[in-house]
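Asker: Structure: structure_12.pdb, PDB, C-alpha atoms and all ligand atoms.
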MODEL        1
ATOM      1  CA  MET V 222     108.359  96.069  80.526
ATOM      2  CA  LEU V 223     108.243  92.331  79.823
ATOM      3  CA  PHE V 224     111.429  90.590  79.029
ATOM      4  CA  HIS V 225     111.268  87.132  77.462
ATOM      5  CA  SER V 226     113.795  84.292  77.289
ATOM      6  CA  SER V 227     116.208  85.887  79.693
ATOM      7  CA  LEU V 228     117.898  84.286  82.642
ATOM      8  CA  CYS V 229     119.996  85.503  85.489
ATOM      9  CA  ARG V 230     121.736  83.652  88.271
ATOM     10  CA  VAL V 231     122.879  84.494  91.760
ATOM     11  CA  SER V 232     124.825  82.387  94.256
ATOM     12  CA  LEU V 233     124.004  82.358  97.963
ATOM     13  CA  ARG V 234     125.303  80.392 100.904
ATOM     14  CA  LYS V 235     122.774  78.223 102.697
ATOM     15  CA  VAL V 236     123.359  80.108 105.968
ATOM     16  CA  THR V 237     121.835  83.297 104.580
ATOM     17  CA  TYR V 238     118.248  84.223 105.347
ATOM     18  CA  THR V 239     117.733  85.015 101.673
ATOM     19  CA  HIS V 240     118.669  81.451 100.679
ATOM     20  CA  GLY V 241     115.701  80.088 102.661
ATOM     21  CA  ASN V 242     113.316  82.684 101.268
ATOM     22  CA  VAL V 243     114.299  82.073  97.643
ATOM     23  CA  THR V 244     114.019  78.308  98.109
ATOM     24  CA  GLU V 245     110.606  78.572  99.754
ATOM     25  CA  ARG V 246     109.053  81.161  97.465
ATOM     26  CA  LYS V 247     110.785  80.035  94.287
ATOM     27  CA  ALA V 248     111.401  83.639  93.402
ATOM     28  CA  PHE V 249     113.827  86.498  93.894
ATOM     29  CA  THR V 250     114.386  90.059  92.760
ATOM     30  CA  LEU V 251     117.622  91.759  91.767
ATOM     31  CA  ASN V 252     117.735  95.337  93.013
ATOM     32  CA  ILE V 253     120.383  97.607  91.539
ATOM     33  CA  PRO V 254     121.179 100.610  93.759
ATOM     34  CA  SER V 255     122.632 103.811  92.466
ATOM     35  CA  GLU V 256     125.596 105.269  94.317
ATOM     36  CA  THR V 257     123.308 107.565  96.301
ATOM     37  CA  HIS V 258     122.226 104.443  98.191
ATOM     38  CA  ILE V 259     125.638 102.890  98.719
ATOM     39  CA  ARG V 260     125.373 103.070 102.499
ATOM     40  CA  GLU V 261     122.095 101.199 102.487
ATOM     41  CA  ALA V 262     123.357  98.650  99.922
ATOM     42  CA  ASP V 263     126.446  98.035 102.024
ATOM     43  CA  TYR V 264     124.301  97.507 105.108
ATOM     44  CA  PHE V 265     122.047  95.030 103.291
ATOM     45  CA  GLY V 266     125.151  93.014 102.381
ATOM     46  CA  MET V 267     126.598  93.002 105.882
ATOM     47  CA  VAL V 268     123.678  92.206 108.165
ATOM     48  CA  SER V 269     121.220  89.318 108.130
ATOM     49  CA  GLY V 270     117.472  89.755 107.803
ATOM     50  CA  ARG V 271     117.270  86.965 110.345
ATOM     51  CA  ASP V 272     118.557  89.364 113.010
ATOM     52  CA  VAL V 273     117.243  92.781 111.973
ATOM     53  CA  ASP V 274     114.602  94.347 109.778
ATOM     54  CA  LYS V 275     116.916  95.899 107.199
ATOM     55  CA  PHE V 276     114.116  97.941 105.693
ATOM     56  CA  SER V 277     113.248  99.739 108.907
ATOM     57  CA  VAL V 278     116.924 100.383 109.743
ATOM     58  CA  THR V 279     117.732 101.819 106.309
ATOM     59  CA  GLY V 280     114.390 103.510 105.698
ATOM     60  CA  LEU V 281     114.077 101.779 102.322
ATOM     61  CA  THR V 282     110.651 100.615 101.192
ATOM     62  CA  PRO V 283     109.767  96.987 100.402
ATOM     63  CA  VAL V 284     107.219  96.539  97.618
ATOM     64  CA  LYS V 285     105.602  93.262  96.656
ATOM     65  CA  ALA V 286     106.773  92.254  93.190
ATOM     66  CA  GLU V 287     104.118  92.130  90.492
ATOM     67  CA  PHE V 288     104.999  88.830  88.838
ATOM     68  CA  VAL V 289     106.809  86.814  91.520
ATOM     69  CA  ASP V 290     106.485  86.188  95.259
ATOM     70  CA  ALA V 291     109.310  88.386  96.525
ATOM     71  CA  PRO V 292     109.819  91.985  97.600
ATOM     72  CA  TYR V 293     111.788  94.617  95.722
ATOM     73  CA  ILE V 294     113.212  97.942  96.887
ATOM     74  CA  LYS V 295     111.149 100.919  95.773
ATOM     75  CA  GLU V 296     113.992 103.451  95.911
ATOM     76  CA  PHE V 297     116.370 101.519  93.636
ATOM     77  CA  PRO V 298     116.248 102.476  89.929
ATOM     78  CA  LEU V 299     116.566  99.064  88.272
ATOM     79  CA  ILE V 300     114.755  95.901  89.362
ATOM     80  CA  LEU V 301     114.570  92.413  87.873
ATOM     81  CA  GLU V 302     111.752  90.143  88.999
ATOM     82  CA  CYS V 303     112.862  86.518  88.649
ATOM     83  CA  ALA V 304     111.080  83.178  88.941
ATOM     84  CA  LEU V 305     113.326  80.393  90.170
ATOM     85  CA  ILE V 306     113.658  77.700  87.523
ATOM     86  CA  HIS V 307     116.724  75.752  88.624
ATOM     87  CA  THR V 308     119.270  75.406  91.403
ATOM     88  CA  ILE V 309     122.821  74.072  91.309
ATOM     89  CA  GLU V 310     124.808  73.194  94.418
ATOM     90  CA  ILE V 311     128.364  74.529  94.274
ATOM     91  CA  GLY V 312     130.259  73.922  97.491
ATOM     92  CA  LEU V 313     128.961  76.284 100.175
ATOM     93  CA  HIS V 314     126.828  78.120  97.620
ATOM     94  CA  THR V 315     123.615  77.341  95.867
ATOM     95  CA  GLN V 316     123.358  78.902  92.452
ATOM     96  CA  PHE V 317     119.807  80.109  91.820
ATOM     97  CA  ILE V 318     118.858  80.435  88.173
ATOM     98  CA  GLY V 319     115.902  82.669  87.540
ATOM     99  CA  GLU V 320     113.821  83.511  84.529
ATOM    100  CA  VAL V 321     113.395  87.267  84.307
ATOM    101  CA  LYS V 322     109.659  87.928  84.459
ATOM    102  CA  ASP V 323     109.807  91.695  84.526
ATOM    103  CA  VAL V 324     112.269  94.568  84.468
ATOM    104  CA  LYS V 325     111.327  97.748  86.277
ATOM    105  CA  VAL V 326     113.263 100.872  85.434
ATOM    106  CA  ASP V 327     112.741 104.268  87.024
ATOM    107  CA  GLU V 328     111.805 106.895  84.413
ATOM    108  CA  SER V 329     114.598 109.136  85.667
ATOM    109  CA  VAL V 330     117.332 106.738  84.451
ATOM    110  CA  LEU V 331     115.969 106.203  80.936
ATOM    111  CA  THR V 332     117.488 107.683  77.798
ATOM    112  CA  ASP V 333     115.427 109.597  75.221
ATOM    113  CA  LYS V 334     114.925 106.225  73.522
ATOM    114  CA  LYS V 335     113.503 104.808  76.732
ATOM    115  CA  VAL V 336     116.319 102.393  77.520
ATOM    116  CA  PRO V 337     118.230 102.345  80.829
ATOM    117  CA  ASP V 338     121.279 104.592  80.844
ATOM    118  CA  ILE V 339     124.133 103.331  83.021
ATOM    119  CA  GLU V 340     125.427 106.891  83.419
ATOM    120  CA  LYS V 341     122.115 107.811  85.025
ATOM    121  CA  ILE V 342     121.779 104.628  87.072
ATOM    122  CA  ARG V 343     125.290 105.114  88.461
ATOM    123  CA  PRO V 344     125.381 101.657  90.091
ATOM    124  CA  CYS V 345     127.513 101.259  93.210
ATOM    125  CA  SER V 346     131.035 100.348  92.218
ATOM    126  CA  LEU V 347     133.207 101.593  95.040
ATOM    127  CA  PRO V 348     135.935  99.400  96.505
ATOM    128  CA  ARG V 349     135.318  98.433 100.103
ATOM    129  CA  LYS V 350     137.866 100.828 101.542
ATOM    130  CA  VAL V 351     135.906 103.727 100.104
ATOM    131  CA  ALA V 352     132.396 102.429 100.624
ATOM    132  CA  PRO V 353     130.727 103.944 103.659
ATOM    133  CA  THR V 354     128.650 101.673 105.839
ATOM    134  CA  MET V 355     125.633 102.240 108.046
ATOM    135  CA  ASP V 356     126.957  99.868 110.658
ATOM    136  CA  ARG V 357     130.525 100.742 111.584
ATOM    137  CA  ALA V 358     130.738  97.831 114.023
ATOM    138  CA  ALA V 359     130.359  95.237 111.275
ATOM    139  CA  PRO V 360     133.460  94.063 109.440
ATOM    140  CA  ARG V 361     133.276  95.119 105.828
ATOM    141  CA  GLN V 362     133.748  92.645 103.043
ATOM    142  CA  GLY V 363     133.521  92.407  99.290
ATOM    143  CA  ILE V 364     133.786  94.893  96.502
ATOM    144  CA  PHE V 365     130.869  96.564  94.818
ATOM    145  CA  HIS V 366     131.600  95.496  91.286
ATOM    146  CA  TRP V 367     128.265  95.597  89.611
ATOM    147  CA  LYS V 368     129.026  97.967  86.787
ATOM    148  CA  ARG V 369     129.887  95.263  84.263
ATOM    149  CA  GLY V 370     126.706  93.301  84.965
ATOM    150  CA  VAL V 371     124.519  96.396  84.844
ATOM    151  CA  LYS V 372     126.185  97.496  81.608
ATOM    152  CA  ALA V 373     125.387  94.116  80.011
ATOM    153  CA  LEU V 374     121.824  94.440  81.228
ATOM    154  CA  CYS V 375     121.439  97.942  79.766
ATOM    155  CA  ALA V 376     122.837  96.742  76.419
ATOM    156  CA  ALA V 377     120.488  93.771  76.332
ATOM    157  CA  LEU V 378     117.480  95.940  77.170
ATOM    158  CA  ALA V 379     118.440  98.327  74.394
ATOM    159  CA  ASP V 380     118.423  95.672  71.666
ATOM    160  CA  THR V 381     116.179  92.997  73.263
ATOM    161  CA  ARG V 382     118.742  90.214  72.870
ATOM    162  CA  PRO V 383     118.252  87.253  75.202
ATOM    163  CA  LEU V 384     120.325  87.772  78.265
ATOM    164  CA  PHE V 385     122.257  85.511  80.590
ATOM    165  CA  LEU V 386     123.550  87.354  83.596
ATOM    166  CA  LEU V 387     125.949  86.142  86.233
ATOM    167  CA  TRP V 388     125.859  88.270  89.327
TER
HETATM  168  C1  LIG C 401     129.783  92.852  98.184
HETATM  169  C2  LIG C 401     129.214  91.652  98.865
HETATM  170  C3  LIG C 401     129.058  90.473  98.162
HETATM  171  C4  LIG C 401     128.516  89.340  98.769
HETATM  172  N1  LIG C 401     128.355  88.198  98.038
HETATM  173  C5  LIG C 401     127.800  87.117  98.612
HETATM  174  C6  LIG C 401     127.588  85.934  97.858
HETATM  175  O1  LIG C 401     127.916  85.851  96.672
HETATM  176  N2  LIG C 401     127.002  84.878  98.479
HETATM  177  C7  LIG C 401     126.638  84.928  99.793
HETATM  178  O2  LIG C 401     126.102  83.921 100.308
HETATM  179  N3  LIG C 401     126.831  86.034 100.544
HETATM  180  C8  LIG C 401     127.405  87.107  99.982
HETATM  181  N4  LIG C 401     127.608  88.250 100.727
HETATM  182  C9  LIG C 401     127.270  88.236 102.154
HETATM  183  C10 LIG C 401     125.773  88.427 102.380
HETATM  184  O3  LIG C 401     125.347  89.583 101.706
HETATM  185  C11 LIG C 401     125.555  88.567 103.869
HETATM  186  O4  LIG C 401     125.832  87.314 104.472
HETATM  187  C12 LIG C 401     124.188  89.040 104.250
HETATM  188  O5  LIG C 401     124.209  89.374 105.616
HETATM  189  C13 LIG C 401     123.104  87.989 104.046
HETATM  190  O6  LIG C 401     121.876  88.543 104.421
HETATM  191  P1  LIG C 401     120.596  87.635 104.723
HETATM  192  O7  LIG C 401     120.954  86.685 105.831
HETATM  193  O8  LIG C 401     119.526  88.607 105.111
HETATM  194  O9  LIG C 401     120.271  86.906 103.459
HETATM  195  C14 LIG C 401     128.135  89.377 100.132
HETATM  196  C15 LIG C 401     128.299  90.577 100.843
HETATM  197  C16 LIG C 401     128.837  91.693 100.216
HETATM  198  C17 LIG C 401     128.986  92.969 101.004
ENDMDL
END
What do you get writing this file as structure tokens?
Answerer:
Amino acid sequence: MLFHSSLCRVSLRKVTYTHGNVTERKAFTLNIPSETHIREADYFGMVSGRDVDKFSVTGLTPVKAEFVDAPYIKEFPLILECALIHTIEIGLHTQFIGEVKDVKVDESVLTDKKVPDIEKIRPCSLPRKVAPTMDRAAPRQGIFHWKRGVKALCAALADTRPLFLLW
């Protein structure tokens, strides 16, 4: 499904492994997990790819994106492939602004009208005290609060309005 004139932005600290990859490849993907993968999503957010291969630990499958030079996660139901078009330095973070080149949605989370259904995607939205983790030794941080962003994305995909997402 091609998706024109839509942007999304994510902010990453320079110390992250992902920051270097996005800068070098000028691309990134947004991978929306459903709650069945909350343990794996939590682990991805707690451990650095500089230290471990997160894919082999979690058993998730990296797939080369079709339109940009970045991997996406096969098991996750909603993927955005983004080409980096601009960066903004904000304190410790760099804000990466990407043009959405493709949206991949698993058939199983589509409505009869072939648009993504947030009730089927069931994105992770548990507060940290509830979220299980794969690595009990790591301190847990953050709150999985993606529902609002995913809801906006589903609405935009349903009526093809241009989209500006802040993650
Ligand atoms: C819910 C949640 C939100 C996070 N948000 C950010 C963020 O906005 N920016 C950031 O640099 N790190 C954020 N982190 C921390 C990174 O995910 C973490 O440093 C991760 O280990 C980086 O992995 P990498 O080094 O493989 O890129 C967040 C973590 C969690 C659990």
Asker: Residues at most 10 Å from Ala291 in chain V, counting only C-alpha atoms, excluding those fewer than 2 positions away in the same chain, as a ChimeraX atom specification?
Answerer: /V:242-243,246-250,283-289,293,302-304
Asker: Counting only C-alpha atoms, which of V:Val330, V:Val268, V:Ala373, V:Leu228 gets nearest to Arg343 in chain V?
Answerer: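 Counting only C-alpha atoms, the residue closest to Arg343 in chain V is V:Val330.
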Asker: As a ChimeraX atom specification, please: the residues near Ile306 in chain V (cut-off 7 Å, only C-alpha atoms, same-chain neighbours under 5 positions excluded).
Answerer: /V:318-320
Asker: Mind dumping the selected residues with C-alpha atoms as an mmCIF file, in the frame of the given file?
Answerer:
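Okay, this is what ended up in again07.cif:
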data_model
loop_
_atom_site.group_PDB
_atom_site.id
_atom_site.type_symbol
_atom_site.label_atom_id
_atom_site.label_comp_id
_atom_site.auth_asym_id
_atom_site.auth_seq_id
_atom_site.Cartn_x
_atom_site.Cartn_y
_atom_site.Cartn_z
ATOM 1 C CA ILE V 318 118.858 80.435 88.173
ATOM 2 C CA GLY V 319 115.902 82.669 87.540
ATOM 3 C CA GLU V 320 113.821 83.511 84.529
#
Asker: Let me make sure I understand: among V:Val321, V:Ile311, V:Val278, V:Ile339, which one has the smallest atom-to-atom distance to Pro298 in chain V if we use all atoms listed in the file?
Answerer: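 Among V:Val321, V:Ile311, V:Val278, V:Ile339, it is V:Ile339 that comes nearest to Pro298 in chain V.
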Asker: Assuming 3 Å of padding per side, give the centre and edge lengths of the axis-aligned box around every listed atom of ligand LIG 401 (chain C), in Å to one decimal and as AutoDock Vina command-line options.
Answerer:
--center_x 124.7 --center_y 88.4 --center_z 101.3 --size_x 16.3 --size_y 15.0 --size_z 15.2
Asker: What is the distance, in Å and to one decimal place, between atom O1 of ligand LIG 401 (chain C) and CA of His240 in chain V?
Answerer: 11.0 Å
Asker: Of the residues V:Leu299, V:Leu313, V:Ile342, V:Thr237, which is the one nearest to Met267 in chain V, using only C-alpha atoms?
Answerer: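 Once distances to Met267 in chain V are computed over only C-alpha atoms, the minimum belongs to V:Thr237.
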Asker: I'd like the contact shell of Thr239 in chain V - 9 Å cut-off, all atoms listed in the file, skipping same-chain residues fewer than 4 positions apart - returned as a PyMOL selection string.
Answerer: chain V and resi 233-235+243-244+249+269-271
Asker: Just the number, please: distance in Å from CA of His314 in chain V to atom O8 of ligand LIG 401 (chain C), one decimal.
Answerer: 14.8 Å
Asker: Between V:Ser232, V:Thr279, V:Ser329, V:Ser255, single out the one closest to ligand LIG 401 (chain C), counting only C-alpha atoms and all ligand atoms.
Answerer: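 Counting only C-alpha atoms and all ligand atoms, the residue closest to ligand LIG 401 (chain C) is V:Ser232.
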Asker: Compare V:Leu251, V:Leu331, V:Leu301, V:Cys229 by their minimum atom-to-atom distance to Ala379 in chain V, counting all atoms listed in the file, and give me the closest one.
Answerer: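 Of the candidates, the smallest distance to Ala379 in chain V is held by V:Leu331.
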